[in-house]
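Enquirer: Handing over start-v9.txt, compact mmCIF, C-alpha atoms and all ligand atoms.
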# COMPACT_ATOMS: atom_id res chain seq x y z
CA MET G 1 0.00 0.00 0.00
CA ALA G 2 1.55 3.28 -1.10
CA LEU G 3 1.77 6.03 1.44
CA VAL G 4 0.71 9.51 0.33
CA ASP G 5 1.84 12.08 2.90
CA GLU G 6 -0.01 11.04 6.05
CA THR G 7 -2.68 9.17 4.10
CA SER G 8 -3.06 5.90 2.27
CA ILE G 9 -5.33 4.75 -0.55
CA ASP G 10 -7.76 1.91 0.18
CA GLU G 11 -9.18 -0.54 -2.34
CA ALA G 12 -12.11 1.73 -3.16
CA GLY G 13 -9.68 4.49 -4.04
CA PHE G 14 -10.53 6.60 -0.98
CA ARG G 15 -7.72 8.32 0.84
CA MET G 16 -7.72 7.08 4.45
CA SER G 17 -6.03 9.25 7.00
CA GLU G 18 -3.89 8.14 9.90
CA ALA G 19 -5.72 10.45 12.24
CA THR G 20 -5.60 10.00 15.99
CA ALA G 21 -8.62 9.71 18.26
CA GLY G 22 -7.74 13.24 19.36
CA ASP G 23 -8.26 14.50 15.82
CA PHE G 24 -11.75 12.99 15.71
CA PHE G 25 -12.47 14.47 19.14
CA ALA G 26 -11.39 17.90 17.83
CA LEU G 27 -14.01 17.55 15.05
CA LEU G 28 -16.67 17.74 17.77
CA LYS G 29 -15.61 21.33 18.68
CA PRO G 30 -15.49 20.17 22.31
CA ARG G 31 -14.82 23.54 23.99
CA VAL G 32 -17.70 25.35 22.32
CA MET G 33 -20.01 22.36 22.66
CA SER G 34 -19.30 22.05 26.41
CA LEU G 35 -21.21 25.29 26.99
CA VAL G 36 -23.95 24.19 24.57
CA VAL G 37 -24.37 20.96 26.55
CA PHE G 38 -24.33 22.84 29.86
CA THR G 39 -27.25 25.02 28.73
CA ALA G 40 -29.14 21.87 27.66
CA PHE G 41 -28.44 20.36 31.09
CA VAL G 42 -29.86 23.44 32.81
CA GLY G 43 -33.03 23.24 30.69
CA LEU G 44 -33.36 19.58 31.64
CA VAL G 45 -32.85 20.09 35.40
CA ALA G 46 -35.05 23.22 35.57
CA ALA G 47 -38.06 21.35 34.15
CA PRO G 48 -40.68 20.87 36.90
CA VAL G 49 -40.86 17.08 36.74
CA THR G 50 -39.35 14.17 38.62
CA ILE G 51 -36.33 13.23 36.55
CA ASN G 52 -35.17 9.67 36.05
CA PRO G 53 -31.37 10.03 36.51
CA LEU G 54 -30.57 7.38 33.89
CA LEU G 55 -32.81 9.09 31.34
CA ALA G 56 -31.17 12.43 32.18
CA VAL G 57 -27.66 11.04 31.61
CA ILE G 58 -28.68 9.41 28.31
CA ALA G 59 -30.44 12.57 27.11
CA ILE G 60 -27.44 14.78 27.87
CA LEU G 61 -25.09 12.30 26.22
CA ALA G 62 -27.30 12.21 23.10
CA ILE G 63 -27.44 16.03 22.95
CA ALA G 64 -23.64 16.20 23.39
CA ILE G 65 -23.10 13.70 20.57
CA GLY G 66 -25.58 15.56 18.33
CA ALA G 67 -23.92 18.90 19.05
CA GLY G 68 -20.49 17.40 18.32
CA ALA G 69 -21.82 15.82 15.11
CA SER G 70 -23.01 19.21 13.89
CA GLY G 71 -19.51 20.58 14.60
CA ALA G 72 -17.98 17.77 12.49
CA LEU G 73 -20.38 18.50 9.60
CA ASN G 74 -19.50 22.21 9.90
CA MET G 75 -15.77 21.42 9.75
CA TRP G 76 -16.29 19.11 6.76
CA TYR G 77 -18.11 21.77 4.76
CA ASP G 78 -15.95 24.71 5.88
CA ALA G 79 -12.55 23.07 5.23
CA ASP G 80 -11.82 25.46 2.33
CA ILE G 81 -12.34 28.63 4.38
CA ASP G 82 -10.88 27.16 7.60
CA ALA G 83 -7.66 26.56 5.63
CA VAL G 84 -7.13 30.27 4.99
CA MET G 85 -7.97 31.57 8.46
CA THR G 86 -5.16 31.63 11.05
CA ARG G 87 -7.56 30.64 13.88
CA THR G 88 -8.77 27.50 12.08
CA ALA G 89 -5.97 26.45 9.67
CA THR G 90 -4.66 23.71 11.97
CA ARG G 91 -8.03 21.95 12.30
CA PRO G 92 -7.98 18.23 11.37
CA VAL G 93 -9.54 18.55 7.89
CA PRO G 94 -7.70 21.61 6.45
CA SER G 95 -4.41 20.30 7.86
CA GLY G 96 -5.00 16.96 6.10
CA ARG G 97 -5.02 14.76 9.21
CA ILE G 98 -8.63 13.77 8.54
CA GLN G 99 -10.01 13.28 5.03
CA PRO G 100 -13.21 15.21 4.14
CA HIS G 101 -15.23 12.02 3.52
CA GLU G 102 -14.23 10.73 6.95
CA ALA G 103 -15.41 13.93 8.65
CA LEU G 104 -18.68 13.79 6.70
CA THR G 105 -19.32 10.12 7.55
CA PHE G 106 -18.39 10.72 11.20
CA GLY G 107 -20.81 13.69 11.39
CA LEU G 108 -23.68 11.85 9.67
CA VAL G 109 -23.32 8.66 11.72
CA LEU G 110 -23.15 10.55 15.02
CA SER G 111 -26.13 12.73 13.99
CA ALA G 112 -28.27 9.67 13.27
CA LEU G 113 -27.08 7.92 16.44
CA SER G 114 -27.85 10.90 18.68
CA VAL G 115 -31.30 11.60 17.22
CA MET G 116 -32.36 7.93 17.30
CA THR G 117 -31.09 7.50 20.88
CA LEU G 118 -32.98 10.57 22.10
CA GLY G 119 -36.12 9.54 20.19
CA VAL G 120 -36.20 5.93 21.39
CA LEU G 121 -35.11 6.51 24.99
CA ALA G 122 -36.61 9.97 25.72
CA ASN G 123 -39.23 11.18 23.26
CA TRP G 124 -39.64 12.16 19.60
CA LEU G 125 -40.32 15.85 20.28
CA ALA G 126 -36.84 16.22 21.81
CA ALA G 127 -35.34 14.10 19.00
CA THR G 128 -37.03 16.23 16.33
CA LEU G 129 -35.73 19.40 17.98
CA LEU G 130 -32.21 17.91 18.06
CA ALA G 131 -32.43 16.90 14.38
CA PHE G 132 -33.70 20.38 13.50
CA THR G 133 -30.84 22.02 15.45
CA ILE G 134 -28.20 19.89 13.73
CA PHE G 135 -29.79 20.68 10.35
CA PHE G 136 -30.04 24.40 11.16
CA TYR G 137 -26.37 24.69 12.15
CA ALA G 138 -24.87 22.33 9.55
CA VAL G 139 -27.05 23.23 6.58
CA VAL G 140 -28.91 26.53 7.09
CA TYR G 141 -26.07 28.38 8.87
CA THR G 142 -22.94 26.67 7.54
CA MET G 143 -23.90 25.95 3.93
CA TRP G 144 -26.12 28.94 3.29
CA LEU G 145 -26.23 31.91 5.68
CA LYS G 146 -22.55 32.03 6.67
CA ARG G 147 -21.28 32.74 3.16
CA TRP G 148 -24.26 34.85 2.11
CA THR G 149 -25.34 37.50 4.64
CA PRO G 150 -23.86 39.49 7.55
CA GLN G 151 -27.03 38.52 9.47
CA ASN G 152 -25.65 34.92 9.32
CA ILE G 153 -25.07 34.57 13.03
CA VAL G 154 -28.19 36.48 14.07
CA ILE G 155 -30.40 33.96 12.25
CA GLY G 156 -28.00 31.01 12.58
CA GLY G 157 -27.64 31.77 16.29
CA ALA G 158 -31.09 30.27 16.76
CA ALA G 159 -29.45 26.84 16.48
CA GLY G 160 -27.12 27.52 19.40
CA ALA G 161 -30.07 28.76 21.47
CA ILE G 162 -32.25 25.65 21.13
CA PRO G 163 -30.32 23.21 23.43
CA PRO G 164 -32.07 24.28 26.70
CA VAL G 165 -35.40 23.75 24.90
CA ILE G 166 -34.22 20.25 23.90
CA GLY G 167 -33.14 19.49 27.48
CA TRP G 168 -36.53 20.63 28.79
CA ALA G 169 -38.40 18.66 26.11
CA ALA G 170 -36.36 15.51 26.79
CA VAL G 171 -37.85 15.18 30.30
CA THR G 172 -41.27 16.81 29.85
CA GLY G 173 -42.18 15.93 26.26
CA SER G 174 -43.19 19.56 25.75
CA VAL G 175 -41.95 23.09 25.04
CA SER G 176 -42.78 25.79 27.60
CA VAL G 177 -42.59 29.57 27.87
CA GLU G 178 -39.88 29.07 30.51
CA SER G 179 -37.66 27.15 28.10
CA ILE G 180 -38.36 29.72 25.37
CA VAL G 181 -37.09 32.47 27.69
CA LEU G 182 -33.83 30.48 28.06
CA PHE G 183 -33.72 30.26 24.24
CA LEU G 184 -34.14 34.05 24.03
CA ILE G 185 -31.22 34.71 26.40
CA ILE G 186 -28.80 32.69 24.22
CA PHE G 187 -30.31 34.06 21.01
CA LEU G 188 -29.68 37.69 22.06
CA TRP G 189 -26.29 36.81 23.56
CA THR G 190 -24.92 35.27 20.34
CA PRO G 191 -24.41 38.45 18.23
CA PRO G 192 -22.32 40.31 20.84
CA HIS G 193 -20.48 37.05 21.68
CA PHE G 194 -19.50 36.45 18.11
CA TRP G 195 -19.12 40.00 16.75
CA ALA G 196 -16.66 40.81 19.58
CA LEU G 197 -14.46 38.01 18.17
CA ALA G 198 -15.19 38.96 14.55
CA LEU G 199 -13.90 42.50 15.27
CA PHE G 200 -10.41 41.32 16.20
CA LYS G 201 -10.43 38.47 13.65
CA SER G 202 -11.88 40.53 10.79
CA GLU G 203 -8.72 40.10 8.67
CA ASP G 204 -9.25 36.31 8.80
CA TYR G 205 -12.83 36.65 7.56
CA GLU G 206 -11.78 39.18 4.91
CA ARG G 207 -9.19 36.72 3.56
CA ALA G 208 -11.76 33.89 3.55
CA GLY G 209 -14.35 36.10 1.84
CA ILE G 210 -16.95 35.54 4.57
CA PRO G 211 -19.45 38.42 4.97
CA MET G 212 -19.20 38.83 8.74
CA MET G 213 -20.64 42.08 10.13
CA PRO G 214 -17.33 43.98 10.65
CA ASN G 215 -16.28 43.24 7.05
CA VAL G 216 -19.58 44.30 5.54
CA ALA G 217 -21.00 47.07 7.74
CA GLY G 218 -17.66 48.23 9.15
CA HIS G 219 -16.24 48.21 12.67
CA ALA G 220 -18.11 51.30 13.92
CA SER G 221 -21.51 49.91 12.93
CA THR G 222 -20.66 46.51 14.43
CA ARG G 223 -19.66 48.18 17.72
CA ARG G 224 -23.00 50.01 17.84
CA GLN G 225 -24.92 46.81 17.10
CA ILE G 226 -23.02 44.96 19.82
CA PHE G 227 -24.01 47.66 22.30
CA ALA G 228 -27.67 47.57 21.18
CA TYR G 229 -27.83 43.78 21.66
CA ALA G 230 -26.22 44.14 25.10
CA LEU G 231 -28.90 46.68 26.10
CA VAL G 232 -31.66 44.21 25.14
CA LEU G 233 -29.89 41.11 26.51
CA ALA G 234 -29.38 42.54 30.03
CA PRO G 235 -33.12 42.93 30.86
CA VAL G 236 -34.07 39.70 29.04
CA GLY G 237 -31.57 37.91 31.29
CA VAL G 238 -33.65 39.11 34.27
CA LEU G 239 -36.98 37.96 32.71
CA PRO G 240 -37.02 34.49 34.35
CA TRP G 241 -37.15 36.21 37.75
CA LEU G 242 -39.65 38.87 36.62
CA LEU G 243 -41.91 36.11 35.26
CA GLY G 244 -41.75 34.30 38.60
CA TYR G 245 -39.71 31.30 37.46
CA THR G 246 -36.86 31.89 39.92
CA THR G 247 -36.12 33.33 43.34
CA PRO G 248 -34.61 36.84 43.73
CA ILE G 249 -31.20 35.20 44.09
CA TYR G 250 -31.16 34.45 40.35
CA GLY G 251 -32.64 37.92 39.76
CA VAL G 252 -29.78 39.67 41.56
CA ALA G 253 -27.18 37.53 39.76
CA ALA G 254 -28.80 38.29 36.38
CA VAL G 255 -28.92 42.03 37.08
CA LEU G 256 -25.24 42.12 38.07
CA LEU G 257 -24.16 39.98 35.11
CA GLY G 258 -26.26 42.12 32.74
CA VAL G 259 -24.77 45.35 34.07
CA GLY G 260 -21.33 43.82 33.50
CA PHE G 261 -22.27 42.90 29.92
CA VAL G 262 -23.47 46.43 29.14
CA TRP G 263 -20.28 47.83 30.71
CA TYR G 264 -18.00 45.67 28.55
CA ALA G 265 -20.11 46.47 25.45
CA TRP G 266 -19.89 50.18 26.31
CA LYS G 267 -16.09 49.88 26.32
CA VAL G 268 -16.28 48.26 22.86
CA LEU G 269 -18.54 51.08 21.66
CA GLY G 270 -15.89 53.59 22.75
CA MET G 271 -13.01 51.83 20.97
CA ALA G 272 -11.03 54.08 18.62
CA ASP G 273 -11.21 53.28 14.89
CA ASP G 274 -7.43 52.80 14.77
CA ASP G 275 -7.28 50.58 17.87
CA ARG G 276 -5.19 47.62 16.64
CA ALA G 277 -4.91 45.78 19.98
CA MET G 278 -8.72 45.81 20.46
CA LYS G 279 -8.47 44.92 24.14
CA PRO G 280 -12.13 45.90 24.85
CA ALA G 281 -13.38 43.50 22.12
CA LYS G 282 -11.18 40.68 23.47
CA ALA G 283 -12.42 41.45 26.99
CA LEU G 284 -16.08 41.37 25.86
CA PHE G 285 -15.57 38.04 24.08
CA ALA G 286 -14.08 36.52 27.26
CA TYR G 287 -16.81 38.10 29.40
CA SER G 288 -19.54 36.79 27.08
CA LEU G 289 -18.43 33.22 27.85
CA LEU G 290 -18.38 33.94 31.59
CA TYR G 291 -21.80 35.62 31.34
CA LEU G 292 -23.55 32.71 29.67
CA PHE G 293 -21.96 30.15 31.94
CA ALA G 294 -22.72 32.18 35.08
CA ILE G 295 -26.33 33.07 34.24
CA PHE G 296 -27.16 29.43 33.44
CA ALA G 297 -25.27 28.27 36.55
CA ALA G 298 -27.36 30.73 38.61
CA TYR G 299 -30.54 29.35 37.01
CA LEU G 300 -29.44 25.80 37.79
CA ALA G 301 -28.54 26.62 41.40
CA ASP G 302 -31.84 28.45 41.82
CA SER G 303 -33.95 25.56 40.56
CA VAL G 304 -32.01 23.00 42.62
CA VAL G 305 -32.45 25.09 45.79
CA GLU G 306 -36.16 25.67 45.07
CA ARG G 307 -36.66 21.95 44.53
CA ALA G 308 -34.82 21.12 47.78
CA LEU G 309 -36.94 23.65 49.70
CA ALA G 310 -40.14 22.23 48.17
CA ILE G 311 -39.14 18.72 49.27
CA GLY G 312 -38.15 20.02 52.74
CA GLY G 313 -41.47 21.85 53.09
CA ALA G 314 -43.57 18.96 51.80
C1 LIG M 401 -24.00 31.13 15.44
C2 LIG M 401 -23.59 31.20 16.70
C3 LIG M 401 -22.16 31.25 17.15
C4 LIG M 401 -21.04 31.62 16.49
C5 LIG M 401 -20.93 32.08 15.05
C6 LIG M 401 -19.92 31.41 17.40
C7 LIG M 401 -18.60 31.61 17.06
C8 LIG M 401 -17.55 31.31 17.87
C9 LIG M 401 -16.19 31.30 17.42
C10 LIG M 401 -15.73 31.57 16.01
C11 LIG M 401 -15.43 30.97 18.49
C12 LIG M 401 -13.94 30.80 18.52
C13 LIG M 401 -13.74 29.32 18.44
C14 LIG M 401 -12.32 28.93 18.41
O1 LIG M 401 -11.64 29.10 19.42
O2 LIG M 401 -11.90 28.45 17.36
C15 LIG M 401 -16.30 30.76 19.61
C16 LIG M 401 -15.88 30.41 20.84
C17 LIG M 401 -16.72 29.92 21.80
N1 LIG M 401 -18.08 29.86 21.72
FE1 LIG M 401 -19.23 30.57 20.23
N2 LIG M 401 -20.37 30.95 18.59
C18 LIG M 401 -21.72 30.84 18.48
C19 LIG M 401 -22.57 30.38 19.43
C20 LIG M 401 -22.14 29.84 20.62
C21 LIG M 401 -23.02 29.19 21.56
C22 LIG M 401 -24.53 29.03 21.37
C23 LIG M 401 -22.25 28.78 22.58
C24 LIG M 401 -22.64 28.07 23.82
C25 LIG M 401 -23.82 28.07 24.34
C26 LIG M 401 -20.88 29.16 22.29
C27 LIG M 401 -19.82 28.90 23.11
C28 LIG M 401 -18.54 29.21 22.83
C29 LIG M 401 -17.42 28.88 23.68
C30 LIG M 401 -17.49 28.14 25.02
C31 LIG M 401 -16.27 29.34 23.03
C32 LIG M 401 -14.84 29.29 23.56
C33 LIG M 401 -14.14 28.11 23.03
C34 LIG M 401 -12.69 28.12 23.44
O3 LIG M 401 -12.41 28.07 24.64
O4 LIG M 401 -11.88 28.18 22.54
N3 LIG M 401 -20.86 29.81 21.09
N4 LIG M 401 -17.60 30.98 19.20
C1 LIG M 402 -27.47 20.44 19.94
C2 LIG M 402 -26.79 21.07 18.81
C3 LIG M 402 -26.88 20.42 17.49
C4 LIG M 402 -26.09 22.19 19.05
C5 LIG M 402 -25.40 23.00 18.03
C6 LIG M 402 -25.13 24.28 18.69
C7 LIG M 402 -24.56 25.31 17.80
C8 LIG M 402 -25.30 25.66 16.58
C9 LIG M 402 -23.48 25.94 18.12
C10 LIG M 402 -22.90 26.96 17.25
C11 LIG M 402 -21.62 27.31 17.84
C12 LIG M 402 -20.50 27.69 16.94
C13 LIG M 402 -19.15 27.22 17.22
C14 LIG M 402 -20.61 28.45 15.92
C15 LIG M 402 -19.35 28.74 15.19
O1 LIG M 402 -19.60 29.33 14.02
P1 LIG M 402 -18.64 28.91 12.84
O2 LIG M 402 -19.00 27.50 12.52
O3 LIG M 402 -18.79 29.92 11.79
O4 LIG M 402 -17.21 29.03 13.56
P2 LIG M 402 -15.80 28.53 13.12
O5 LIG M 402 -15.23 29.58 12.25
O6 LIG M 402 -15.06 28.39 14.42
O7 LIG M 402 -15.99 27.20 12.42
Output the file's structure as structure tokens, nothing else.
Expert:
Amino acid sequence: MALVDETSIDEAGFRMSEATAGDFFALLKPRVMSLVVFTAFVGLVAAPVTINPLLAVIAILAIAIGAGASGALNMWYDADIDAVMTRTATRPVPSGRIQPHEALTFGLVLSALSVMTLGVLANWLAATLLAFTIFFYAVVYTMWLKRWTPQNIVIGGAAGAIPPVIGWAAVTGSVSVESIVLFLIIFLWTPPHFWALALFKSEDYERAGIPMMPNVAGHASTRRQIFAYALVLAPVGVLPWLLGYTTPIYGVAAVLLGVGFVWYAWKVLGMADDDRAMKPAKALFAYSLLYLFAIFAAYLADSVVERALAIGGA
């Protein structure tokens, strides 16, 4: 068998890579997906039902596999643009460690496995939502919106916002206003989260020819839009308390986190046009990750405490 770089040709003429397990793990975008799975977990635990622990573990595992599968499909399709961006050039497919057909097969098999597992062991509403989310990210966002419109992540962000709704549906078999409020928080959080990064990576996107907001509307307009989203996100983050879903403890945490978000976005708004270091944009990107983790952690803690008090008082 003749070796071609790090690959070999099998009988069917396909190039097979000599990728490591770590390369396949990287296809799942594990760091990003960890937060996706955490938000799904919070949706699942916050649902007002008695949860079978085994079902909960299986549901979270299925959502994690589905989320990872969508990451693999994204990396399969985006290999051409990932290859020309400094942030993504060393990913397994553009660097040649994994062949495109392997990434595609891996993504499709894991997608089917995750949806079937959730459908058979939890319910088909949750499974349909998971299938829709994978489709929305891998097809609607990746194959269509991303290369077409600067509103790509505003619309595509809906996919990243659905996981708490899936978690909730997995244990209740339904969608509720409460889970839709969690969806809204992530939906409004996504544009400032991503545009902060797109500001200091705009040369990458320029080179790849991707119409991200800073490249199309300019940095000043993107900074204003980031600030506008922050102003809407902060009060929406407090909504679960205002609607009576949580105790004031979550409410106070959400207010403080929201004020922080507006503060960091304000700093971005004030950035000079010739600011090359873009420290405020980098700080907002880092804070956005802390914000989403912390607000969902507060929601989780709140619902666990409320549940414990209800049991204690019963
Ligand atoms: C369309 C929506 C989104 C876009 C376009 C986007 C884009 C990005 C990009 C380009 C990065 C840098 C990744 C890298 O280091 O290579 C990133 C990082 C990250 N994103 Fe997002 N994101 C989106 C939604 C989300 C959602 C919904 C979550 C979780 C709920 C999330 C969580 C994260 C995390 C945890 C990181 C940091 C990863 C690390 O440590 O490197 N993102 N995002
Ligand atoms: C349950 C389930 C299926 C969840 C999927 C959640 C989801 C849609 C997450 C999106 C997160 C993300 C990394 C977007 C990156 O955009 P990009 O692909 O443009 O970023 P890149 O340049 O880093 O590839």
Enquirer: Distance table requested - chain G against ligand LIG 401 (chain M), cut-off 6 Å, all atoms listed in the file: one row per qualifying residue with the closest atom pair and its distance in Å to one decimal, ordered by chain and rising residue number, as JSON lines.
Expert:
{"residue": "G:Arg31", "atom": "CA", "partner": "M:LIG401", "partner_atom": "C33", "distance": 4.7}
{"residue": "G:Val32", "atom": "CA", "partner": "M:LIG401", "partner_atom": "C29", "distance": 3.8}
{"residue": "G:Leu35", "atom": "CA", "partner": "M:LIG401", "partner_atom": "C24", "distance": 4.5}
{"residue": "G:Val36", "atom": "CA", "partner": "M:LIG401", "partner_atom": "C25", "distance": 3.9}
{"residue": "G:Arg87", "atom": "CA", "partner": "M:LIG401", "partner_atom": "O2", "distance": 6.0}
{"residue": "G:Ile153", "atom": "CA", "partner": "M:LIG401", "partner_atom": "C1", "distance": 4.3}
{"residue": "G:Gly156", "atom": "CA", "partner": "M:LIG401", "partner_atom": "C1", "distance": 4.9}
{"residue": "G:Gly157", "atom": "CA", "partner": "M:LIG401", "partner_atom": "C1", "distance": 3.8}
{"residue": "G:Gly160", "atom": "CA", "partner": "M:LIG401", "partner_atom": "C22", "distance": 3.6}
{"residue": "G:Ala161", "atom": "CA", "partner": "M:LIG401", "partner_atom": "C22", "distance": 5.5}
{"residue": "G:Thr190", "atom": "CA", "partner": "M:LIG401", "partner_atom": "C19", "distance": 5.5}
{"residue": "G:Phe194", "atom": "CA", "partner": "M:LIG401", "partner_atom": "C7", "distance": 5.0}
{"residue": "G:Leu289", "atom": "CA", "partner": "M:LIG401", "partner_atom": "C30", "distance": 5.9}
Enquirer: Residues of chain G within 9 Å of ligand LIG 402 (chain M): nearest atom pair and distance (Å, one decimal) for each, counting only C-alpha atoms and all ligand atoms, sorted by chain and number, as a Markdown table?
Expert:
| residue | atom | partner | partner_atom | distance |
| --- | --- | --- | --- | --- |
| G:Lys29 | CA | M:LIG402 | C13 | 7.0 |
| G:Arg31 | CA | M:LIG402 | C13 | 8.8 |
| G:Val32 | CA | M:LIG402 | C13 | 5.6 |
| G:Met33 | CA | M:LIG402 | C9 | 6.7 |
| G:Val36 | CA | M:LIG402 | C6 | 6.0 |
| G:Val37 | CA | M:LIG402 | C1 | 7.3 |
| G:Ala40 | CA | M:LIG402 | C1 | 8.0 |
| G:Ala62 | CA | M:LIG402 | C1 | 8.8 |
| G:Ile63 | CA | M:LIG402 | C1 | 5.3 |
| G:Ala64 | CA | M:LIG402 | C1 | 6.7 |
| G:Ile65 | CA | M:LIG402 | C1 | 8.1 |
| G:Gly66 | CA | M:LIG402 | C3 | 5.1 |
| G:Ala67 | CA | M:LIG402 | C2 | 3.6 |
| G:Gly68 | CA | M:LIG402 | C3 | 7.1 |
| G:Ala69 | CA | M:LIG402 | C3 | 7.2 |
| G:Ser70 | CA | M:LIG402 | C3 | 5.4 |
| G:Gly71 | CA | M:LIG402 | C13 | 7.1 |
| G:Asn74 | CA | M:LIG402 | O2 | 5.9 |
| G:Met75 | CA | M:LIG402 | O7 | 6.4 |
| G:Asp78 | CA | M:LIG402 | O7 | 7.0 |
| G:Ala79 | CA | M:LIG402 | O7 | 9.0 |
| G:Ile81 | CA | M:LIG402 | O5 | 8.4 |
| G:Asp82 | CA | M:LIG402 | O5 | 6.8 |
| G:Met85 | CA | M:LIG402 | O5 | 8.4 |
| G:Arg87 | CA | M:LIG402 | O6 | 7.8 |
| G:Thr88 | CA | M:LIG402 | O6 | 6.8 |
| G:Ser111 | CA | M:LIG402 | C3 | 8.5 |
| G:Leu129 | CA | M:LIG402 | C1 | 8.6 |
| G:Leu130 | CA | M:LIG402 | C1 | 5.7 |
| G:Ala131 | CA | M:LIG402 | C3 | 7.3 |
| G:Phe132 | CA | M:LIG402 | C3 | 7.9 |
| G:Thr133 | CA | M:LIG402 | C3 | 4.7 |
| G:Ile134 | CA | M:LIG402 | C3 | 4.0 |
| G:Phe135 | CA | M:LIG402 | C3 | 7.7 |
| G:Phe136 | CA | M:LIG402 | C8 | 7.3 |
| G:Tyr137 | CA | M:LIG402 | C8 | 4.7 |
| G:Ala138 | CA | M:LIG402 | C8 | 7.8 |
| G:Tyr141 | CA | M:LIG402 | O3 | 8.0 |
| G:Thr142 | CA | M:LIG402 | O2 | 6.4 |
| G:Lys146 | CA | M:LIG402 | O3 | 6.7 |
| G:Asn152 | CA | M:LIG402 | O3 | 8.8 |
| G:Ile153 | CA | M:LIG402 | O1 | 7.6 |
| G:Gly156 | CA | M:LIG402 | C8 | 7.2 |
| G:Gly157 | CA | M:LIG402 | C8 | 6.5 |
| G:Ala158 | CA | M:LIG402 | C8 | 7.4 |
| G:Ala159 | CA | M:LIG402 | C8 | 4.3 |
| G:Gly160 | CA | M:LIG402 | C7 | 3.7 |
| G:Ala161 | CA | M:LIG402 | C6 | 7.2 |
| G:Ile162 | CA | M:LIG402 | C1 | 7.2 |
| G:Pro163 | CA | M:LIG402 | C1 | 5.3 |
| G:Ile166 | CA | M:LIG402 | C1 | 7.8 |
| G:Thr190 | CA | M:LIG402 | C11 | 9.0 |
| G:Phe194 | CA | M:LIG402 | O1 | 8.2 |
| G:Tyr205 | CA | M:LIG402 | O5 | 8.8 |
Enquirer: Find the distance between atom CA of G:Trp241 and atom CA of G:Val177 and write it in Å to one decimal.
Expert: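 Atom CA of G:Val177 lies 13.1 Å from atom CA of G:Trp241.
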Enquirer: Between atom CA of G:Ala220 and atom CA of G:Ile186, what distance in Å does the model show, to one decimal?
Expert: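 Atom-to-atom, atom CA of G:Ala220 to atom CA of G:Ile186, that is 23.8 Å.
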Enquirer: G:Gly251, G:Gly119, G:Gly107, G:Pro192: which is nearest G:Leu231, counting all atoms listed in the file?
Expert: G:Pro192
Enquirer: Centre and edge lengths of an axis-aligned box around all listed atoms of stretch 256-270 of chain G, with 5 Å added on each side, are to be given in Å to one decimal, as JSON.
Expert:
{"center_x": -21.1, "center_y": 46.8, "center_z": 29.9, "size_x": 20.4, "size_y": 23.6, "size_z": 26.4}
Enquirer: Near G:Met278, counting only C-alpha atoms, which residues have an atom at most 9 Å away, once you skip same-chain residues fewer than 4 positions from it, shown as a short mmCIF file (atom, residue, chain, number, x, y, z; two decimals) with C-alpha atoms, keeping the file's coordinate frame?
Expert:
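And here is the file that came out, part_21.cif:
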data_model
loop_
_atom_site.label_atom_id
_atom_site.label_comp_id
_atom_site.auth_asym_id
_atom_site.auth_seq_id
_atom_site.Cartn_x
_atom_site.Cartn_y
_atom_site.Cartn_z
CA LEU G 199 -13.90 42.50 15.27
CA PHE G 200 -10.41 41.32 16.20
CA VAL G 268 -16.28 48.26 22.86
CA MET G 271 -13.01 51.83 20.97
CA ALA G 272 -11.03 54.08 18.62
CA LYS G 282 -11.18 40.68 23.47
CA ALA G 283 -12.42 41.45 26.99
#
Enquirer: Excluding G:Pro164 and residues on its chain fewer than 2 positions from it, collect all residues at most 8 Å away from it, counting all atoms listed in the file, and give them as a PDB file with C-alpha atoms, in the frame of the given file.
Expert:
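Done, and the output landed in result_5.pdb:
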ATOM      1  CA  THR G  39     -27.250  25.020  28.730  1.00  0.00           C
ATOM      2  CA  ALA G  40     -29.140  21.870  27.660  1.00  0.00           C
ATOM      3  CA  PHE G  41     -28.440  20.360  31.090  1.00  0.00           C
ATOM      4  CA  VAL G  42     -29.860  23.440  32.810  1.00  0.00           C
ATOM      5  CA  GLY G  43     -33.030  23.240  30.690  1.00  0.00           C
ATOM      6  CA  LEU G  44     -33.360  19.580  31.640  1.00  0.00           C
ATOM      7  CA  ALA G 161     -30.070  28.760  21.470  1.00  0.00           C
ATOM      8  CA  ILE G 162     -32.250  25.650  21.130  1.00  0.00           C
ATOM      9  CA  ILE G 166     -34.220  20.250  23.900  1.00  0.00           C
ATOM     10  CA  GLY G 167     -33.140  19.490  27.480  1.00  0.00           C
ATOM     11  CA  TRP G 168     -36.530  20.630  28.790  1.00  0.00           C
ATOM     12  CA  SER G 179     -37.660  27.150  28.100  1.00  0.00           C
ATOM     13  CA  LEU G 182     -33.830  30.480  28.060  1.00  0.00           C
ATOM     14  CA  PHE G 183     -33.720  30.260  24.240  1.00  0.00           C
TER      15      PHE G 183
END
Enquirer: Please provide as a PDB file with C-alpha atoms, keeping the file's coordinate frame all residues within 9 Å of G:Val216, with the sequence filter that same-chain residues fewer than 5 positions apart are discarded (counting all atoms listed in the file).
Expert:
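Output contents, as saved in selection.pdb:
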ATOM      1  CA  THR G 149     -25.340  37.500   4.640  1.00  0.00           C
ATOM      2  CA  PRO G 150     -23.860  39.490   7.550  1.00  0.00           C
ATOM      3  CA  PRO G 211     -19.450  38.420   4.970  1.00  0.00           C
TER       4      PRO G 211
END
Enquirer: Quick one: pull the distance between atom CA of G:Pro235 and atom CA of G:Val45, Å, one decimal.
Expert: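 Separation of atom CA of G:Pro235 and atom CA of G:Val45: 23.3 Å.
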Enquirer: Could you check which of G:Tyr299, G:Gly312, G:Ala254, G:Val84 is closest to G:Ile210, using all atoms listed in the file?
Expert: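 Of G:Tyr299, G:Gly312, G:Ala254, G:Val84, the one nearest G:Ile210 is G:Val84, counting all atoms listed in the file.
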